[in-house]
$ cat protein-v4.txt   # compact mmCIF, C-alpha atoms
# COMPACT_ATOMS: atom_id res chain seq x y z
CA MET G 1 -15.68 -17.45 1.34
CA LYS G 2 -13.13 -15.61 -0.77
CA SER G 3 -9.91 -14.24 0.69
CA VAL G 4 -9.10 -10.56 0.21
CA ILE G 5 -6.25 -8.41 1.51
CA LEU G 6 -7.38 -5.15 3.12
CA CYS G 7 -4.33 -2.88 3.37
CA ALA G 8 -4.24 0.44 5.21
CA ASP G 9 -1.74 2.72 3.50
CA ASP G 10 0.38 5.54 4.96
CA TYR G 11 1.31 4.10 8.35
CA ALA G 12 3.54 6.60 10.22
CA LEU G 13 2.23 9.56 8.20
CA ASN G 14 0.96 11.11 11.42
CA GLU G 15 -0.24 10.07 14.86
CA SER G 16 -3.91 9.74 13.91
CA VAL G 17 -3.13 7.51 10.94
CA SER G 18 -0.84 5.21 12.92
CA HIS G 19 -3.13 4.91 15.93
CA GLY G 20 -6.17 4.42 13.70
CA ILE G 21 -4.49 1.59 11.81
CA VAL G 22 -3.42 -0.15 15.03
CA ALA G 23 -6.96 0.15 16.39
CA LEU G 24 -8.35 -1.47 13.24
CA ALA G 25 -5.78 -4.25 13.46
CA GLU G 26 -6.82 -4.90 17.05
CA ALA G 27 -10.45 -5.15 15.90
CA GLY G 28 -9.58 -7.60 13.11
CA ARG G 29 -10.61 -5.13 10.42
CA LEU G 30 -7.31 -5.13 8.47
CA SER G 31 -4.92 -7.74 7.16
CA ALA G 32 -2.07 -5.46 6.04
CA THR G 33 -0.56 -2.01 6.34
CA SER G 34 2.09 -0.11 4.37
CA VAL G 35 4.71 2.05 6.08
CA MET G 36 6.10 5.46 5.10
CA THR G 37 9.64 4.89 6.32
CA LEU G 38 10.80 8.43 5.48
CA SER G 39 8.51 9.77 8.19
CA PRO G 40 10.33 10.85 11.37
CA ARG G 41 7.61 8.94 13.25
CA TRP G 42 8.58 5.54 11.86
CA ALA G 43 11.05 4.62 14.62
CA MET G 44 8.48 5.38 17.32
CA ASP G 45 5.48 3.95 15.47
CA ALA G 46 7.31 0.71 14.65
CA ALA G 47 7.23 -0.12 18.35
CA VAL G 48 3.48 0.55 18.49
CA LEU G 49 2.93 -1.82 15.58
CA ALA G 50 5.24 -4.54 16.90
CA PRO G 51 2.53 -6.64 18.62
CA TRP G 52 0.99 -7.23 15.19
CA ARG G 53 4.12 -8.74 13.65
CA GLY G 54 3.08 -11.96 11.91
CA ARG G 55 -0.62 -11.21 12.44
CA ILE G 56 -0.98 -8.67 9.65
CA ASP G 57 1.32 -7.97 6.71
CA VAL G 58 3.57 -4.98 7.32
CA GLY G 59 5.18 -3.62 4.18
CA LEU G 60 7.08 -0.74 2.63
CA HIS G 61 5.10 2.13 1.09
CA LEU G 62 7.80 3.26 -1.33
CA ASP G 63 7.74 7.05 -1.42
CA TRP G 64 8.71 9.55 -4.11
CA THR G 65 5.91 12.14 -3.81
CA SER G 66 5.12 12.95 -0.16
CA GLU G 67 6.40 15.89 1.86
CA PHE G 68 8.91 13.46 3.38
CA ALA G 69 10.29 12.57 -0.05
CA LEU G 70 10.44 16.22 -1.05
CA ALA G 71 12.35 17.04 2.14
CA ALA G 72 14.72 14.13 1.48
CA GLY G 73 15.63 15.66 -1.88
CA HIS G 74 14.62 12.90 -4.29
CA GLY G 75 10.89 13.59 -4.32
CA ALA G 76 8.68 15.45 -6.76
CA PRO G 77 4.97 16.30 -7.06
CA LEU G 78 3.02 13.41 -8.59
CA GLY G 79 2.44 14.99 -12.00
CA ALA G 80 6.07 16.00 -12.36
CA LEU G 81 7.28 12.54 -11.35
CA MET G 82 4.94 10.87 -13.85
CA ARG G 83 6.26 13.05 -16.67
CA ARG G 84 9.90 12.69 -15.65
CA SER G 85 9.66 8.91 -15.28
CA CYS G 86 8.39 8.63 -18.85
CA TRP G 87 10.77 11.22 -20.33
CA PRO G 88 13.64 11.93 -20.04
CA GLY G 89 13.67 9.19 -17.41
CA LEU G 90 14.94 8.83 -13.85
CA ALA G 91 18.61 8.28 -13.05
CA PRO G 92 18.95 4.50 -12.47
CA ALA G 93 21.71 4.74 -9.87
CA GLN G 94 19.79 7.30 -7.84
CA VAL G 95 16.60 5.24 -8.00
CA ARG G 96 18.37 2.10 -6.84
CA ALA G 97 20.03 3.96 -3.99
CA GLU G 98 16.70 5.38 -2.82
CA VAL G 99 14.91 2.02 -2.94
CA GLN G 100 17.72 0.49 -0.89
CA ARG G 101 17.62 3.40 1.57
CA GLN G 102 13.91 3.01 2.23
CA LEU G 103 14.29 -0.76 2.66
CA ASP G 104 17.16 -0.10 5.08
CA ARG G 105 15.01 2.29 7.10
CA PHE G 106 12.22 -0.26 7.21
CA GLU G 107 14.47 -3.05 8.47
CA GLN G 108 16.35 -0.78 10.89
CA HIS G 109 13.24 -0.24 13.00
CA TRP G 110 11.18 -3.33 12.18
CA GLY G 111 14.00 -5.84 12.47
CA ALA G 112 12.80 -7.91 9.53
CA PRO G 113 12.17 -7.58 5.79
CA PRO G 114 8.85 -6.11 4.66
CA ASP G 115 6.02 -8.54 3.97
CA HIS G 116 5.20 -6.62 0.81
CA VAL G 117 6.22 -3.57 -1.20
CA ASP G 118 3.88 -1.06 -2.80
CA GLY G 119 4.11 2.66 -3.46
CA HIS G 120 2.69 5.94 -2.30
CA GLN G 121 0.56 7.07 -5.24
CA HIS G 122 1.54 3.79 -6.98
CA VAL G 123 5.12 4.84 -7.76
CA GLN G 124 6.31 1.22 -7.44
CA GLN G 125 5.22 0.57 -11.03
CA PHE G 126 6.39 3.80 -12.68
CA PRO G 127 8.96 3.56 -15.50
CA GLY G 128 12.45 3.74 -14.08
CA ILE G 129 11.33 2.65 -10.62
CA ARG G 130 9.71 -0.73 -11.24
CA GLN G 131 12.85 -2.34 -12.69
CA ALA G 132 14.93 -1.22 -9.71
CA VAL G 133 12.30 -2.45 -7.24
CA VAL G 134 12.11 -5.92 -8.79
CA ASP G 135 15.86 -6.31 -9.20
CA ILE G 136 16.62 -5.18 -5.67
CA LEU G 137 13.94 -7.37 -4.05
CA ALA G 138 15.13 -10.43 -5.99
CA GLN G 139 18.77 -9.79 -5.03
CA ARG G 140 18.21 -8.64 -1.46
CA TYR G 141 15.81 -11.44 -0.52
CA PRO G 142 16.93 -14.52 -2.49
CA THR G 143 15.02 -16.94 -0.27
CA GLY G 144 11.68 -16.83 1.44
CA PRO G 145 9.59 -15.54 2.91
CA ARG G 146 10.05 -12.81 0.30
CA PRO G 147 8.07 -9.58 -0.03
CA TYR G 148 5.20 -9.69 -2.48
CA LEU G 149 4.41 -6.76 -4.75
CA ARG G 150 1.24 -4.77 -5.21
CA ILE G 151 0.16 -4.56 -8.83
CA SER G 152 -2.00 -1.45 -9.13
CA ARG G 153 -4.40 -2.86 -11.72
CA PRO G 154 -7.98 -1.77 -10.90
CA VAL G 155 -10.72 -4.37 -10.77
CA ALA G 156 -13.45 -4.03 -13.40
CA TRP G 157 -12.25 -0.58 -14.47
CA GLN G 158 -12.89 0.84 -11.04
CA GLY G 159 -11.82 4.41 -10.52
CA GLY G 160 -12.70 5.63 -14.01
CA LEU G 161 -9.98 7.75 -15.62
CA LYS G 162 -7.94 7.75 -12.42
CA GLY G 163 -7.93 3.97 -12.41
CA ARG G 164 -6.90 3.77 -16.06
CA VAL G 165 -4.03 6.19 -15.51
CA ILE G 166 -2.84 4.19 -12.49
CA ALA G 167 -2.83 0.97 -14.50
CA GLY G 168 -1.26 2.67 -17.51
CA MET G 169 1.78 3.74 -15.50
CA GLY G 170 3.01 0.15 -15.50
CA ALA G 171 0.72 -2.50 -13.97
CA SER G 172 1.33 -5.08 -16.70
CA ALA G 173 5.02 -4.26 -16.95
CA LEU G 174 5.53 -4.67 -13.20
CA GLN G 175 3.67 -7.98 -13.20
CA ARG G 176 5.85 -9.31 -16.03
CA LEU G 177 9.02 -8.22 -14.25
CA ALA G 178 7.89 -9.79 -10.97
CA ARG G 179 7.05 -13.06 -12.70
CA SER G 180 10.43 -13.12 -14.45
CA ARG G 181 12.24 -12.89 -11.09
CA GLY G 182 9.96 -15.27 -9.20
CA LEU G 183 8.36 -12.62 -7.00
CA ALA G 184 4.76 -13.03 -5.88
CA ALA G 185 2.29 -10.23 -6.55
CA ALA G 186 -1.22 -9.21 -5.60
CA PRO G 187 -2.56 -8.96 -9.17
CA PHE G 188 -5.60 -6.72 -8.70
CA LEU G 189 -6.26 -3.50 -6.82
CA SER G 190 -9.51 -2.16 -5.45
CA GLY G 191 -10.45 0.73 -3.18
CA ILE G 192 -9.70 3.54 -5.65
CA ASP G 193 -11.61 6.52 -4.31
CA ASP G 194 -11.97 10.26 -4.88
CA PHE G 195 -12.09 10.92 -1.10
CA GLN G 196 -15.20 13.07 -1.52
CA SER G 197 -18.03 10.87 -0.22
CA ASP G 198 -19.55 10.81 3.26
CA VAL G 199 -19.56 7.73 5.51
CA ALA G 200 -22.66 6.33 3.82
CA GLY G 201 -21.11 6.82 0.40
CA TYR G 202 -17.89 5.12 1.46
CA ALA G 203 -19.89 2.22 2.88
CA GLN G 204 -21.68 1.83 -0.45
CA SER G 205 -18.38 1.89 -2.33
CA MET G 206 -16.88 -0.71 -0.01
CA SER G 207 -19.87 -2.99 -0.58
CA HIS G 208 -19.21 -2.81 -4.33
CA TRP G 209 -15.48 -3.37 -3.88
CA LEU G 210 -16.05 -6.44 -1.72
CA ALA G 211 -18.59 -7.87 -4.13
CA GLU G 212 -16.40 -7.32 -7.20
CA ALA G 213 -13.08 -8.37 -5.67
CA PRO G 214 -11.59 -11.54 -7.13
CA GLU G 215 -9.77 -14.02 -4.92
CA ALA G 216 -6.54 -12.53 -3.49
CA CYS G 217 -7.49 -8.99 -4.54
CA LEU G 218 -5.92 -6.19 -2.53
CA ILE G 219 -8.26 -3.44 -1.37
CA MET G 220 -6.44 -0.32 -0.21
CA CYS G 221 -7.79 2.09 2.39
CA HIS G 222 -6.51 5.24 4.11
CA PRO G 223 -7.99 5.41 7.62
CA ALA G 224 -7.17 7.73 10.54
CA GLN G 225 -8.76 8.34 13.92
CA ALA G 226 -8.82 12.10 13.33
CA ALA G 227 -8.39 14.61 10.54
CA GLU G 228 -5.07 16.28 11.28
CA PRO G 229 -4.29 19.83 10.08
CA GLY G 230 -2.40 19.93 6.80
CA ASP G 231 -3.64 16.53 5.63
CA GLU G 232 -5.66 17.29 2.51
CA ILE G 233 -7.58 14.01 2.72
CA GLY G 234 -7.81 14.05 6.52
CA PRO G 235 -11.63 14.24 6.63
CA ALA G 236 -11.87 11.29 4.23
CA ARG G 237 -9.44 9.31 6.38
CA LEU G 238 -11.66 9.86 9.40
CA ARG G 239 -14.75 8.78 7.47
CA GLU G 240 -13.00 5.60 6.37
CA TRP G 241 -11.92 4.81 9.93
CA SER G 242 -15.43 5.45 11.26
CA TYR G 243 -16.91 2.95 8.81
CA LEU G 244 -14.19 0.29 9.01
CA SER G 245 -14.38 0.25 12.81
CA SER G 246 -18.18 0.01 12.81
CA PRO G 247 -20.41 -3.09 13.07
CA ALA G 248 -21.69 -2.25 9.58
CA PHE G 249 -18.35 -3.22 8.03
CA ALA G 250 -18.39 -6.60 9.76
CA VAL G 251 -21.86 -7.16 8.31
CA ALA G 252 -20.66 -6.13 4.84
CA LEU G 253 -17.86 -8.70 5.00
CA GLN G 254 -20.35 -11.42 5.91
CA GLN G 255 -22.78 -10.42 3.18
CA ALA G 256 -20.02 -10.44 0.56
CA GLN G 257 -18.66 -13.74 1.94
CA VAL G 258 -15.22 -12.20 2.29
CA GLN G 259 -12.54 -13.09 4.81
CA LEU G 260 -9.55 -10.79 5.31
CA ALA G 261 -6.28 -12.58 4.73
CA ARG G 262 -2.55 -11.91 4.69
CA GLY G 263 -0.84 -11.90 1.33
CA GLN G 264 2.13 -13.71 2.86
CA ILE G 265 -0.23 -16.67 3.36
CA LEU G 266 -2.17 -16.33 0.10
CA PHE G 267 0.99 -16.09 -2.02
CA ALA G 268 3.14 -18.57 -0.08
CA PRO G 269 4.89 -21.06 -2.40
CA THR G 270 3.16 -24.39 -2.68
CA PRO G 271 5.30 -27.17 -1.13

$ encode --input "protein-v4.txt" --output "structure tokens"
Amino acid sequence: MKSVILCADDYALNESVSHGIVALAEAGRLSATSVMTLSPRWAMDAAVLAPWRGRIDVGLHLDWTSEFALAAGHGAPLGALMRRSCWPGLAPAQVRAEVQRQLDRFEQHWGAPPDHVDGHQHVQQFPGIRQAVVDILAQRYPTGPRPYLRISRPVAWQGGLKGRVIAGMGASALQRLARSRGLAAAPFLSGIDDFQSDVAGYAQSMSHWLAEAPEACLIMCHPAQAAEPGDEIGPARLREWSYLSSPAFAVALQQAQVQLARGQILFAPTP
């Protein structure tokens, strides 16, 4: 058996996402989730997630591009943020303040540090953000258990051009920075999807992702129990939840000889 992290992104985005993720955790179909702490739901949804403390990884989904980030004043559409982060660059003091603010919001309602840190649309590894993230995590959590980082480096060139762009925004640079500060990292990412397939298509993709995943790979998913109005990938979220909650997914795990595991256990320092 190989151990793989299956992480449901966007917890607290809306009610259907949060309830869908909790239902999958109850069924043993997830080993991690990432929280959008800028959402006004986070305080309420933290209590719903509390029974799963220590049973799945609960981390910070660092946010610069959602409607919550835009409303907070620091956000920007993805394309604009990508361009701005490369040139002329993001203001370091403002970036550091925002990373600290989102960590503060996480701890305020969770009562503990995040198990991991990643980013909505992979912003954790963008130029101008990655250095702040690594420095702050190393300073804020000098001793363990410390959050591990998601390195958004696609497995086997998954995701085509989208996957190459994701990696090109700083996967190797973030990994080097994390290593230099003694931070653990999930080195490979899978689950990159165009959100266009039906349930059968998603099932086929998941079978490939499970088969190709190296040990300690992180597979991301975006499930929800319903497609809520205004969520542009809402129908895809529902399809993902339908498959991940089905007996077919349990069979796929067995066939691929995969067990779902927490990164906090996989990346724990060796005594």

$ residues_around --input "protein-v4.txt" --residues "region 162-176 of chain G" --least-positions-apart "5" --cutoff "10 Å" --atoms "all atoms listed in the file" --output "PyMOL selection string"
chain G and resi 82+85-86+121-127+129-131+133-134+149-157+181-190+192-194

$ closest_residue --input "protein-v4.txt" --among "G:Thr143, G:Thr37, G:Gln102, G:Ser197" --to "Ala268 (chain G)" --atoms "all atoms listed in the file"
G:Thr143

$ closest_residue --input "protein-v4.txt" --among "G:Arg29, G:Arg41, G:His116, G:Gln94" --to "Leu60 (chain G)" --atoms "all atoms listed in the file"
G:His116

$ residues_around --input "protein-v4.txt" --residues "region 219-229 of chain G" --least-positions-apart "5" --cutoff "8 Å" --atoms "only C-alpha atoms" --output "PyMOL selection string"
chain G and resi 4-10+14+16-21+189-192+209+234-242

$ closest_residue --input "protein-v4.txt" --among "G:Phe106, G:Tyr202, G:Trp42, G:Phe195" --to "Leu62 (chain G)" --atoms "only C-alpha atoms"
G:Phe106

$ closest_residue --input "protein-v4.txt" --among "G:Thr65, G:Ser207, G:Gln158, G:Gln255" --to "Tyr243 (chain G)" --atoms "only C-alpha atoms"
G:Ser207

$ atom_distance --input "protein-v4.txt" --atom1 "CA of Arg101 (chain G)" --atom2 "CA of Ala23 (chain G)"
28.9 Å

$ closest_residue --input "protein-v4.txt" --among "G:Gln100, G:Gln139, G:Thr33, G:Gln204" --to "Asp118 (chain G)" --atoms "all atoms listed in the file"
G:Thr33

$ closest_residue --input "protein-v4.txt" --among "G:Pro113, G:Gly75, G:Pro247, G:Pro269" --to "Leu137 (chain G)" --atoms "all atoms listed in the file"
G:Pro113

$ atom_distance --input "protein-v4.txt" --atom1 "CA of Ala91 (chain G)" --atom2 "CA of Arg146 (chain G)"
26.4 Å

$ atom_distance --input "protein-v4.txt" --atom1 "CA of Trp52 (chain G)" --atom2 "CA of Gln254 (chain G)"
23.6 Å

$ residues_around --input "protein-v4.txt" --residues "region 210-216 of chain G" --least-positions-apart "5" --cutoff "6 Å" --atoms "all atoms listed in the file" --output "ChimeraX atom specification"
/G:2-4,256

$ write_last_selection --input "protein-v4.txt" --atoms "C-alpha atoms" --output "PDB file, keeping the file's coordinate frame"
ATOM      1  CA  LYS G   2     -13.130 -15.610  -0.770  1.00  0.00           C
ATOM      2  CA  SER G   3      -9.910 -14.240   0.690  1.00  0.00           C
ATOM      3  CA  VAL G   4      -9.100 -10.560   0.210  1.00  0.00           C
ATOM      4  CA  ALA G 256     -20.020 -10.440   0.560  1.00  0.00           C
TER       5      ALA G 256
END
